[in-house]
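Below is model_23.cif, which holds mmCIF, C-alpha atoms.
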```
data_structure
#
loop_
_atom_site.label_atom_id
_atom_site.label_comp_id
_atom_site.auth_asym_id
_atom_site.auth_seq_id
_atom_site.Cartn_x
_atom_site.Cartn_y
_atom_site.Cartn_z
CA MET A 17 12.06 -0.87 12.99
CA THR A 18 8.91 0.25 11.16
CA ILE A 19 6.25 2.42 12.79
CA GLU A 20 3.78 -0.48 12.54
CA LYS A 21 6.17 -2.90 14.25
CA ALA A 22 6.86 -0.44 17.07
CA VAL A 23 3.15 0.25 17.64
CA GLY A 24 2.37 -3.47 17.60
CA GLN A 25 5.13 -4.35 20.06
CA GLU A 26 4.11 -1.56 22.42
CA LEU A 27 0.43 -2.61 22.37
CA ARG A 28 1.32 -6.28 22.91
CA PHE A 29 3.60 -5.32 25.80
CA TRP A 30 0.77 -3.52 27.59
CA ARG A 31 -1.86 -6.16 26.81
CA THR A 32 0.24 -8.98 28.27
CA LYS A 33 1.27 -6.79 31.22
CA LYS A 34 -2.42 -6.30 32.00
CA GLY A 35 -3.01 -10.04 31.62
CA LEU A 36 -5.56 -9.63 28.82
CA SER A 37 -6.07 -12.05 25.93
CA GLN A 38 -6.55 -10.67 22.42
CA GLU A 39 -10.19 -11.80 22.70
CA LYS A 40 -10.74 -9.91 25.93
CA LEU A 41 -9.04 -6.76 24.65
CA GLY A 42 -11.07 -7.02 21.45
CA PHE A 43 -14.25 -7.19 23.49
CA GLU A 44 -13.24 -4.16 25.56
CA ALA A 45 -12.17 -2.06 22.56
CA ASP A 46 -14.89 -3.33 20.19
CA LEU A 47 -12.38 -4.76 17.71
CA HIS A 48 -12.07 -8.25 16.27
CA ARG A 49 -9.34 -10.46 17.72
CA THR A 50 -7.79 -10.94 14.27
CA HIS A 51 -7.56 -7.15 13.81
CA ILE A 52 -5.65 -6.90 17.11
CA SER A 53 -3.41 -9.79 16.05
CA LEU A 54 -2.56 -8.02 12.76
CA ILE A 55 -1.82 -4.76 14.57
CA GLU A 56 0.39 -6.45 17.18
CA ARG A 57 2.42 -8.18 14.45
CA GLY A 58 2.93 -4.86 12.67
CA LEU A 59 0.94 -6.01 9.66
CA ARG A 60 -1.68 -3.31 9.95
CA SER A 61 -1.37 0.36 10.88
CA PRO A 62 -4.21 1.24 13.28
CA THR A 63 -6.05 4.52 12.84
CA ILE A 64 -5.83 7.18 15.52
CA SER A 65 -9.37 6.26 16.65
CA THR A 66 -8.53 2.57 16.96
CA THR A 67 -5.33 3.39 18.84
CA ILE A 68 -7.18 5.61 21.32
CA ARG A 69 -9.83 2.90 21.86
CA LEU A 70 -7.13 0.30 22.47
CA CYS A 71 -5.33 2.61 24.90
CA ALA A 72 -8.59 3.26 26.77
CA ALA A 73 -9.17 -0.49 27.11
CA LEU A 74 -5.56 -0.94 28.27
CA GLU A 75 -5.82 2.05 30.62
CA ILE A 76 -2.74 3.77 29.20
CA ALA A 77 -2.34 7.33 27.86
CA PRO A 78 -2.27 7.40 24.03
CA ASP A 79 0.37 10.14 23.99
CA ASP A 80 2.63 8.04 26.26
CA LEU A 81 2.22 5.10 23.89
CA LEU A 82 3.18 7.26 20.93
CA LYS A 83 6.12 8.71 22.83
CA HIS A 84 7.47 5.20 23.47
CA VAL A 85 6.86 4.30 19.82
CA MET A 86 8.86 7.34 18.68
CA GLN A 87 11.69 6.43 21.08
CA GLN A 88 11.74 2.88 19.73
CA ILE A 89 11.86 4.08 16.13
CA ALA A 90 14.59 6.63 16.89
CA GLY A 91 16.73 4.29 18.98
CA LYS A 92 16.39 0.96 17.25
CA ARG A 93 15.88 1.80 13.61
CA LYS A 94 16.82 -1.22 11.46
CA MET B 5 -16.02 16.45 19.72
CA THR B 6 -15.04 13.27 17.89
CA ILE B 7 -11.47 11.99 17.79
CA GLU B 8 -11.38 12.59 14.02
CA LYS B 9 -12.55 16.21 14.40
CA ALA B 10 -9.97 16.91 17.09
CA VAL B 11 -7.13 15.37 15.05
CA GLY B 12 -8.21 17.30 11.96
CA GLN B 13 -8.42 20.63 13.78
CA GLU B 14 -5.04 20.14 15.40
CA LEU B 15 -3.36 19.25 12.09
CA ARG B 16 -4.98 22.21 10.31
CA PHE B 17 -3.88 24.52 13.13
CA TRP B 18 -0.24 23.50 12.71
CA ARG B 19 -0.34 23.51 8.91
CA THR B 20 -1.67 27.08 8.75
CA LYS B 21 0.70 28.17 11.55
CA LYS B 22 3.60 26.91 9.41
CA GLY B 23 2.16 28.70 6.39
CA LEU B 24 1.83 25.52 4.33
CA SER B 25 -0.86 24.82 1.76
CA GLN B 26 -2.51 21.37 1.69
CA GLU B 27 -0.64 20.79 -1.60
CA LYS B 28 2.72 21.63 -0.07
CA LEU B 29 2.10 19.51 3.02
CA GLY B 30 0.91 16.68 0.80
CA PHE B 31 4.14 16.89 -1.16
CA GLU B 32 6.24 16.86 2.02
CA ALA B 33 4.35 13.94 3.62
CA ASP B 34 3.75 12.02 0.38
CA LEU B 35 -0.04 12.20 0.68
CA HIS B 36 -2.65 13.47 -1.75
CA ARG B 37 -4.11 16.90 -1.04
CA THR B 38 -7.65 15.48 -0.93
CA HIS B 39 -6.57 12.96 1.72
CA ILE B 40 -5.26 15.82 3.86
CA SER B 41 -8.48 17.75 3.28
CA LEU B 42 -10.59 14.78 4.45
CA ILE B 43 -8.41 14.32 7.55
CA GLU B 44 -8.54 18.03 8.45
CA ARG B 45 -12.33 18.03 8.18
CA GLY B 46 -12.56 15.01 10.47
CA LEU B 47 -13.99 12.86 7.70
CA ARG B 48 -11.15 10.35 7.75
CA SER B 49 -9.20 8.89 10.65
CA PRO B 50 -5.51 8.83 9.70
CA THR B 51 -3.41 5.78 10.55
CA ILE B 52 -0.57 6.08 13.04
CA SER B 53 1.90 5.98 10.13
CA THR B 54 0.15 8.78 8.27
CA THR B 55 -0.06 10.86 11.45
CA ILE B 56 3.66 10.47 12.13
CA ARG B 57 4.50 11.40 8.52
CA LEU B 58 2.30 14.51 8.76
CA CYS B 59 3.90 15.48 12.07
CA ALA B 60 7.38 15.04 10.58
CA ALA B 61 6.44 17.32 7.68
CA LEU B 62 4.97 19.86 10.14
CA GLU B 63 7.99 19.54 12.45
CA ILE B 64 5.89 18.75 15.51
CA ALA B 65 6.15 15.83 17.96
CA PRO B 66 3.43 13.21 17.33
CA ASP B 67 2.97 12.57 21.06
CA ASP B 68 2.40 16.30 21.65
CA LEU B 69 -0.22 16.33 18.90
CA LEU B 70 -2.00 13.37 20.48
CA LYS B 71 -1.78 14.99 23.90
CA HIS B 72 -3.53 18.11 22.58
CA VAL B 73 -6.11 15.91 20.85
CA MET B 74 -6.86 14.08 24.11
CA GLN B 75 -7.17 17.42 25.95
CA GLN B 76 -9.59 18.69 23.30
CA ILE B 77 -11.72 15.56 23.52
CA ALA B 78 -11.74 15.65 27.33
CA GLY B 79 -12.41 19.36 27.67
CA LYS B 80 -14.74 20.13 24.82
CA ARG B 81 -16.71 16.92 24.31
CA LYS B 82 -19.96 17.74 22.53
#
```
Translate this structure into structure tokens?
Amino acid sequence: MTIEKAVGQELRFWRTKKGLSQEKLGFEADLHRTHISLIERGLRSPTISTTIRLCAALEIAPDDLLKHVMQQIAGKRK
Amino acid sequence: MTIEKAVGQELRFWRTKKGLSQEKLGFEADLHRTHISLIERGLRSPTISTTIRLCAALEIAPDDLLKHVMQQIAGKRK
């Protein structure tokens, strides 16, 4: 599993859990829906700033997100 | 304090603590020295991938780094 894939999966998990569409999350985090789509599919690596803005909009702690990402990479490396 | 400034300060703190030059860290993390310089000065926001590579080279946990960054932003916002 790549870092990008793990970050994307984690963000998508939280977005759907919160019942937000990519459009709505994009509005909240001031990002275009297509940018969010690329990130969620692991096709773009978000910057730290973008990640923190997304986490704020999703009401999750950025360091928790990264912790889960690191666990995913360590445990399920392909 | 901006996110970029906080990330840069934190990375510089750990690099100097480990006694690494920007050149040496760049070699370890496969990044150009000037890229590291821009990140440390808060002039560029690293991607998640770049941050994790830098943390690996510095032997620190990426989620700890982000936790310190969030504390800095929360406590010392200018």
key: the PyMOL selection byres ((chain B) within 10 of (chain A)) resolved against shown file, as a count of residues only   = 23
request  = Compile the contact shell of His48 in chain A as a list in words: residues with an atom at most 9 Å away, counting all atoms listed in the file, same-chain residues fewer than 6 positions apart removed.
outcome  = Gln38, Glu39 and Gly42 of chain A
message = Please list as JSON, numbers by chain every residue within 9 Å of Leu47 in chain B, counting all atoms listed in the file and excluding residues in the same chain fewer than 5 positions away.
response = {"B": [8, 9, 12, 41, 42]}
Please superimpose chain B upon chain A, fitting all C-alpha atoms matched one to one in order, and report the result as a PDB file with C-alpha atoms, in the coordinates of the input.
```pdb
ATOM      1  CA  MET B   5      12.049  -0.809  12.970  1.00  0.00           C
ATOM      2  CA  THR B   6       8.901   0.274  11.142  1.00  0.00           C
ATOM      3  CA  ILE B   7       6.234   2.427  12.769  1.00  0.00           C
ATOM      4  CA  GLU B   8       3.766  -0.476  12.522  1.00  0.00           C
ATOM      5  CA  LYS B   9       6.180  -2.893  14.238  1.00  0.00           C
ATOM      6  CA  ALA B  10       6.858  -0.441  17.051  1.00  0.00           C
ATOM      7  CA  VAL B  11       3.143   0.251  17.614  1.00  0.00           C
ATOM      8  CA  GLY B  12       2.373  -3.470  17.579  1.00  0.00           C
ATOM      9  CA  GLN B  13       5.127  -4.340  20.050  1.00  0.00           C
ATOM     10  CA  GLU B  14       4.103  -1.571  22.411  1.00  0.00           C
ATOM     11  CA  LEU B  15       0.431  -2.610  22.357  1.00  0.00           C
ATOM     12  CA  ARG B  16       1.316  -6.282  22.893  1.00  0.00           C
ATOM     13  CA  PHE B  17       3.599  -5.319  25.784  1.00  0.00           C
ATOM     14  CA  TRP B  18       0.772  -3.514  27.576  1.00  0.00           C
ATOM     15  CA  ARG B  19      -1.846  -6.155  26.787  1.00  0.00           C
ATOM     16  CA  THR B  20       0.260  -8.975  28.253  1.00  0.00           C
ATOM     17  CA  LYS B  21       1.296  -6.770  31.204  1.00  0.00           C
ATOM     18  CA  LYS B  22      -2.411  -6.293  31.982  1.00  0.00           C
ATOM     19  CA  GLY B  23      -2.979 -10.026  31.611  1.00  0.00           C
ATOM     20  CA  LEU B  24      -5.526  -9.629  28.815  1.00  0.00           C
ATOM     21  CA  SER B  25      -6.056 -12.044  25.948  1.00  0.00           C
ATOM     22  CA  GLN B  26      -6.541 -10.657  22.416  1.00  0.00           C
ATOM     23  CA  GLU B  27     -10.185 -11.795  22.712  1.00  0.00           C
ATOM     24  CA  LYS B  28     -10.722  -9.905  25.948  1.00  0.00           C
ATOM     25  CA  LEU B  29      -9.039  -6.755  24.654  1.00  0.00           C
ATOM     26  CA  GLY B  30     -11.057  -7.028  21.460  1.00  0.00           C
ATOM     27  CA  PHE B  31     -14.235  -7.189  23.508  1.00  0.00           C
ATOM     28  CA  GLU B  32     -13.227  -4.152  25.577  1.00  0.00           C
ATOM     29  CA  ALA B  33     -12.179  -2.045  22.557  1.00  0.00           C
ATOM     30  CA  ASP B  34     -14.892  -3.330  20.204  1.00  0.00           C
ATOM     31  CA  LEU B  35     -12.402  -4.765  17.710  1.00  0.00           C
ATOM     32  CA  HIS B  36     -12.082  -8.252  16.270  1.00  0.00           C
ATOM     33  CA  ARG B  37      -9.344 -10.445  17.716  1.00  0.00           C
ATOM     34  CA  THR B  38      -7.780 -10.935  14.270  1.00  0.00           C
ATOM     35  CA  HIS B  39      -7.560  -7.155  13.819  1.00  0.00           C
ATOM     36  CA  ILE B  40      -5.656  -6.907  17.103  1.00  0.00           C
ATOM     37  CA  SER B  41      -3.409  -9.779  16.037  1.00  0.00           C
ATOM     38  CA  LEU B  42      -2.558  -8.024  12.745  1.00  0.00           C
ATOM     39  CA  ILE B  43      -1.826  -4.747  14.562  1.00  0.00           C
ATOM     40  CA  GLU B  44       0.385  -6.444  17.173  1.00  0.00           C
ATOM     41  CA  ARG B  45       2.401  -8.159  14.447  1.00  0.00           C
ATOM     42  CA  GLY B  46       2.928  -4.850  12.662  1.00  0.00           C
ATOM     43  CA  LEU B  47       0.937  -6.009   9.657  1.00  0.00           C
ATOM     44  CA  ARG B  48      -1.697  -3.299   9.958  1.00  0.00           C
ATOM     45  CA  SER B  49      -1.377   0.357  10.892  1.00  0.00           C
ATOM     46  CA  PRO B  50      -4.219   1.235  13.274  1.00  0.00           C
ATOM     47  CA  THR B  51      -6.076   4.521  12.837  1.00  0.00           C
ATOM     48  CA  ILE B  52      -5.852   7.185  15.522  1.00  0.00           C
ATOM     49  CA  SER B  53      -9.383   6.257  16.641  1.00  0.00           C
ATOM     50  CA  THR B  54      -8.543   2.576  16.961  1.00  0.00           C
ATOM     51  CA  THR B  55      -5.336   3.395  18.839  1.00  0.00           C
ATOM     52  CA  ILE B  56      -7.180   5.599  21.328  1.00  0.00           C
ATOM     53  CA  ARG B  57      -9.839   2.908  21.866  1.00  0.00           C
ATOM     54  CA  LEU B  58      -7.130   0.289  22.481  1.00  0.00           C
ATOM     55  CA  CYS B  59      -5.335   2.605  24.904  1.00  0.00           C
ATOM     56  CA  ALA B  60      -8.589   3.261  26.775  1.00  0.00           C
ATOM     57  CA  ALA B  61      -9.165  -0.487  27.113  1.00  0.00           C
ATOM     58  CA  LEU B  62      -5.546  -0.948  28.279  1.00  0.00           C
ATOM     59  CA  GLU B  63      -5.805   2.044  30.633  1.00  0.00           C
ATOM     60  CA  ILE B  64      -2.744   3.766  29.197  1.00  0.00           C
ATOM     61  CA  ALA B  65      -2.349   7.321  27.856  1.00  0.00           C
ATOM     62  CA  PRO B  66      -2.270   7.388  24.029  1.00  0.00           C
ATOM     63  CA  ASP B  67       0.370  10.138  23.980  1.00  0.00           C
ATOM     64  CA  ASP B  68       2.627   8.040  26.235  1.00  0.00           C
ATOM     65  CA  LEU B  69       2.225   5.086  23.881  1.00  0.00           C
ATOM     66  CA  LEU B  70       3.178   7.248  20.907  1.00  0.00           C
ATOM     67  CA  LYS B  71       6.117   8.685  22.821  1.00  0.00           C
ATOM     68  CA  HIS B  72       7.467   5.177  23.463  1.00  0.00           C
ATOM     69  CA  VAL B  73       6.859   4.294  19.811  1.00  0.00           C
ATOM     70  CA  MET B  74       8.854   7.331  18.656  1.00  0.00           C
ATOM     71  CA  GLN B  75      11.684   6.428  21.067  1.00  0.00           C
ATOM     72  CA  GLN B  76      11.737   2.868  19.719  1.00  0.00           C
ATOM     73  CA  ILE B  77      11.866   4.064  16.123  1.00  0.00           C
ATOM     74  CA  ALA B  78      14.601   6.602  16.898  1.00  0.00           C
ATOM     75  CA  GLY B  79      16.732   4.304  19.021  1.00  0.00           C
ATOM     76  CA  LYS B  80      16.390   0.949  17.358  1.00  0.00           C
ATOM     77  CA  ARG B  81      15.878   1.760  13.680  1.00  0.00           C
ATOM     78  CA  LYS B  82      16.846  -1.268  11.606  1.00  0.00           C
TER      79      LYS B  82
END
```
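Our summary of the geometry notes that CA of Ile89 in chain A is positioned 29.4 Å from CA of Phe43 in chain A.
CA of Glu26 in chain A is positioned 14.6 Å from CA of Arg69 in chain A.
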Can you tell me which residues surround Ala45 in chain A at a distance of at most 9 Å, considering only C-alpha atoms, apart from same-chain residues fewer than 5 positions away, and format the answer as a compact mmCIF listing (two decimals) with C-alpha atoms, keeping the file's coordinate frame?
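The resulting file, out14.txt, is shown below:
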```txt
# COMPACT_ATOMS: atom_id res chain seq x y z
CA LYS A 40 -10.74 -9.91 25.93
CA THR A 66 -8.53 2.57 16.96
CA ARG A 69 -9.83 2.90 21.86
CA LEU A 70 -7.13 0.30 22.47
CA CYS A 71 -5.33 2.61 24.90
CA ALA A 72 -8.59 3.26 26.77
CA ALA A 73 -9.17 -0.49 27.11
CA LEU A 74 -5.56 -0.94 28.27
```
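When CA of Arg31 in chain A is paired with CA of Ala90 in chain A, their separation reads 23.1 Å.
In terms of minimum interatomic distance to Met5 in chain B, B:Gln76 ranks closest within B:Arg37, B:Gln76, B:Lys22, B:Arg45, counting all atoms listed in the file.
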